[in-house]
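**Student:** This is the structure I have questions about; it appears just below.
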Amino acid sequence: MAEGAVVVDGDPRVSELRDAVSRLRRALASHPAPLPDRDAAEEELAALDAMARAGRPELSRLRRSLLLVAGAVGSVSALSPALTEVHRAVDNFAPPPDGQVPPPREGT
């Protein structure tokens, strides 16, 4: 989790997702080239942020939004680092591999 990030509802994954989405939204907004799917990417980033704000996001919906965002901006190398952060943040909601115990969450 990023230094100084605020933990939402005791789950640092939610804060990490919101931070990563925010960084990608800023990177996309400042990208000067016209992108044909910019609006779609912005809508899905807004959806990701809304899911995070609502609490425990559903993994399948997170992945769907990530796929749409990646399809819209994935070929833009300048946005790749921020997109990778969002991808990692979404992956944090996946269940652990078999045989591993998930770490305890803060506040539970």
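Chain lettering (A, B, ...) mirrors the order of the structure tokens, residue numbering begins at 1 for each chain separately, and ligand numbering begins at 1 in order of display.
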Excluding same-chain residues fewer than 6 positions from stretch 86-89 of chain A, what lies within 8 Å of it counting only C-alpha atoms, as a PyMOL selection string?
**Tutor:** chain A and resi 13+16-17+20-21+24+66
**Student:** For all heavy atoms, I'd like the residues from the last selection saved as a short mmCIF file (atom, residue, chain, number, x, y, z; two decimals), in the first residue's frame.
**Tutor:**
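Result written to out19.cif:
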```cif
data_model
loop_
_atom_site.label_atom_id
_atom_site.label_comp_id
_atom_site.auth_asym_id
_atom_site.auth_seq_id
_atom_site.Cartn_x
_atom_site.Cartn_y
_atom_site.Cartn_z
N ARG A 13 -6.72 -3.03 0.92
CA ARG A 13 -6.87 -3.28 -0.52
C ARG A 13 -7.78 -2.27 -1.18
O ARG A 13 -7.57 -1.86 -2.33
CB ARG A 13 -7.41 -4.69 -0.77
CG ARG A 13 -6.54 -5.80 -0.23
CD ARG A 13 -7.21 -7.14 -0.36
NE ARG A 13 -8.51 -7.11 0.31
CZ ARG A 13 -9.43 -8.05 0.21
NH1 ARG A 13 -9.21 -9.13 -0.52
NH2 ARG A 13 -10.57 -7.96 0.86
N GLU A 16 -5.84 0.90 -1.61
CA GLU A 16 -4.85 0.73 -2.68
C GLU A 16 -5.53 0.81 -4.04
O GLU A 16 -5.01 1.44 -4.97
CB GLU A 16 -4.13 -0.60 -2.52
CG GLU A 16 -2.99 -0.77 -3.49
CD GLU A 16 -2.19 -2.03 -3.24
OE1 GLU A 16 -2.28 -2.61 -2.15
OE2 GLU A 16 -1.45 -2.41 -4.16
N LEU A 17 -6.70 0.20 -4.18
CA LEU A 17 -7.43 0.26 -5.44
C LEU A 17 -7.83 1.70 -5.76
O LEU A 17 -7.64 2.17 -6.88
CB LEU A 17 -8.67 -0.64 -5.38
CG LEU A 17 -9.58 -0.61 -6.61
CD1 LEU A 17 -8.83 -1.06 -7.86
CD2 LEU A 17 -10.82 -1.47 -6.38
N ALA A 20 -4.76 3.66 -6.86
CA ALA A 20 -4.30 3.28 -8.19
C ALA A 20 -5.24 3.81 -9.27
O ALA A 20 -4.79 4.31 -10.31
CB ALA A 20 -4.18 1.76 -8.29
N VAL A 21 -6.54 3.72 -9.03
CA VAL A 21 -7.51 4.24 -9.99
C VAL A 21 -7.34 5.75 -10.13
O VAL A 21 -7.36 6.28 -11.25
CB VAL A 21 -8.95 3.87 -9.56
CG1 VAL A 21 -9.99 4.67 -10.33
CG2 VAL A 21 -9.19 2.38 -9.76
N LEU A 24 -4.33 6.50 -12.33
CA LEU A 24 -4.58 6.25 -13.75
C LEU A 24 -5.53 7.29 -14.32
O LEU A 24 -5.34 7.74 -15.45
CB LEU A 24 -5.14 4.83 -13.96
CG LEU A 24 -5.41 4.44 -15.42
CD1 LEU A 24 -4.20 4.68 -16.33
CD2 LEU A 24 -5.87 3.00 -15.50
N LEU A 66 -11.48 -3.74 -15.30
CA LEU A 66 -10.06 -3.71 -15.63
C LEU A 66 -9.84 -4.10 -17.09
O LEU A 66 -9.07 -3.46 -17.81
CB LEU A 66 -9.27 -4.63 -14.71
CG LEU A 66 -7.79 -4.79 -15.04
CD1 LEU A 66 -7.06 -3.45 -14.92
CD2 LEU A 66 -7.16 -5.83 -14.14
#
```
**Student:** Please, which residues of chain A, numbered as in this document, come out helix (DSSP H, G or I) from DSSP, as an MDAnalysis selection string?
**Tutor:** chainID A and resid 12:30 38:53 59:73 77:91
**Student:** Compare A:Gly10, A:Val76, A:Asp49, A:Asp98 by their minimum atom-to-atom distance to A:Arg25, counting only C-alpha atoms, and give me the closest one.
**Tutor:** A:Asp49
**Student:** Report, in Å with one decimal, the straight-line distance from atom CA of A:Ser30 to atom CA of A:Pro57.
**Tutor:**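 Between atom CA of A:Ser30 and atom CA of A:Pro57 the gap is 27.3 Å.
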**Student:** In Å, with one decimal, what is the gap from atom CA of A:Glu42 to atom CA of A:Asp11?
**Tutor:**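 Between atom CA of A:Glu42 and atom CA of A:Asp11 the gap is 24.8 Å.
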**Student:** Choose the residue, out of A:Glu85, A:Glu44, A:Glu58, A:Asp37, that has the smallest atom-to-atom separation from A:Asp19; count only C-alpha atoms.
**Tutor:**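 When distances to A:Asp19 are compared using only C-alpha atoms, the smallest one comes from A:Glu85.
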**Student:** Which neighbours of A:Arg63 fall inside 10 Å, counting only C-alpha atoms, when residues of the same chain fewer than 5 positions from it are skipped, and could you give them as an MDAnalysis selection string?
**Tutor:** chainID A and resid 48 58 68:69 87 90:91 93:94
**Student:** What would the file look like if the residues just selected were written as an mmCIF file, in the first residue's frame with N, CA and C atoms?
**Tutor:**
```
data_model
loop_
_atom_site.group_PDB
_atom_site.id
_atom_site.type_symbol
_atom_site.label_atom_id
_atom_site.label_comp_id
_atom_site.auth_asym_id
_atom_site.auth_seq_id
_atom_site.Cartn_x
_atom_site.Cartn_y
_atom_site.Cartn_z
ATOM 1 N N LEU A 48 -14.862 1.642 -11.256
ATOM 2 C CA LEU A 48 -13.936 1.020 -10.304
ATOM 3 C C LEU A 48 -13.883 1.818 -9.005
ATOM 4 N N GLU A 58 -16.747 -6.661 -5.754
ATOM 5 C CA GLU A 58 -16.865 -8.021 -6.277
ATOM 6 C C GLU A 58 -15.775 -8.242 -7.325
ATOM 7 N N LEU A 68 -11.915 -3.801 -19.590
ATOM 8 C CA LEU A 68 -12.382 -2.717 -20.457
ATOM 9 C C LEU A 68 -11.401 -1.545 -20.477
ATOM 10 N N VAL A 69 -10.864 -1.204 -19.321
ATOM 11 C CA VAL A 69 -9.886 -0.117 -19.255
ATOM 12 C C VAL A 69 -8.624 -0.507 -20.021
ATOM 13 N N HIS A 87 -4.099 -2.936 -12.155
ATOM 14 C CA HIS A 87 -4.154 -4.392 -12.312
ATOM 15 C C HIS A 87 -3.724 -5.086 -11.017
ATOM 16 N N VAL A 90 -6.396 -4.714 -8.328
ATOM 17 C CA VAL A 90 -7.529 -5.617 -8.557
ATOM 18 C C VAL A 90 -7.138 -7.038 -8.163
ATOM 19 N N ASP A 91 -5.941 -7.454 -8.526
ATOM 20 C CA ASP A 91 -5.479 -8.805 -8.193
ATOM 21 C C ASP A 91 -5.439 -9.051 -6.687
ATOM 22 N N PHE A 93 -7.684 -8.599 -4.682
ATOM 23 C CA PHE A 93 -8.988 -9.078 -4.237
ATOM 24 C C PHE A 93 -9.214 -10.542 -4.587
ATOM 25 N N ALA A 94 -8.296 -11.135 -5.336
ATOM 26 C CA ALA A 94 -8.418 -12.550 -5.696
ATOM 27 C C ALA A 94 -8.133 -13.410 -4.473
#
```
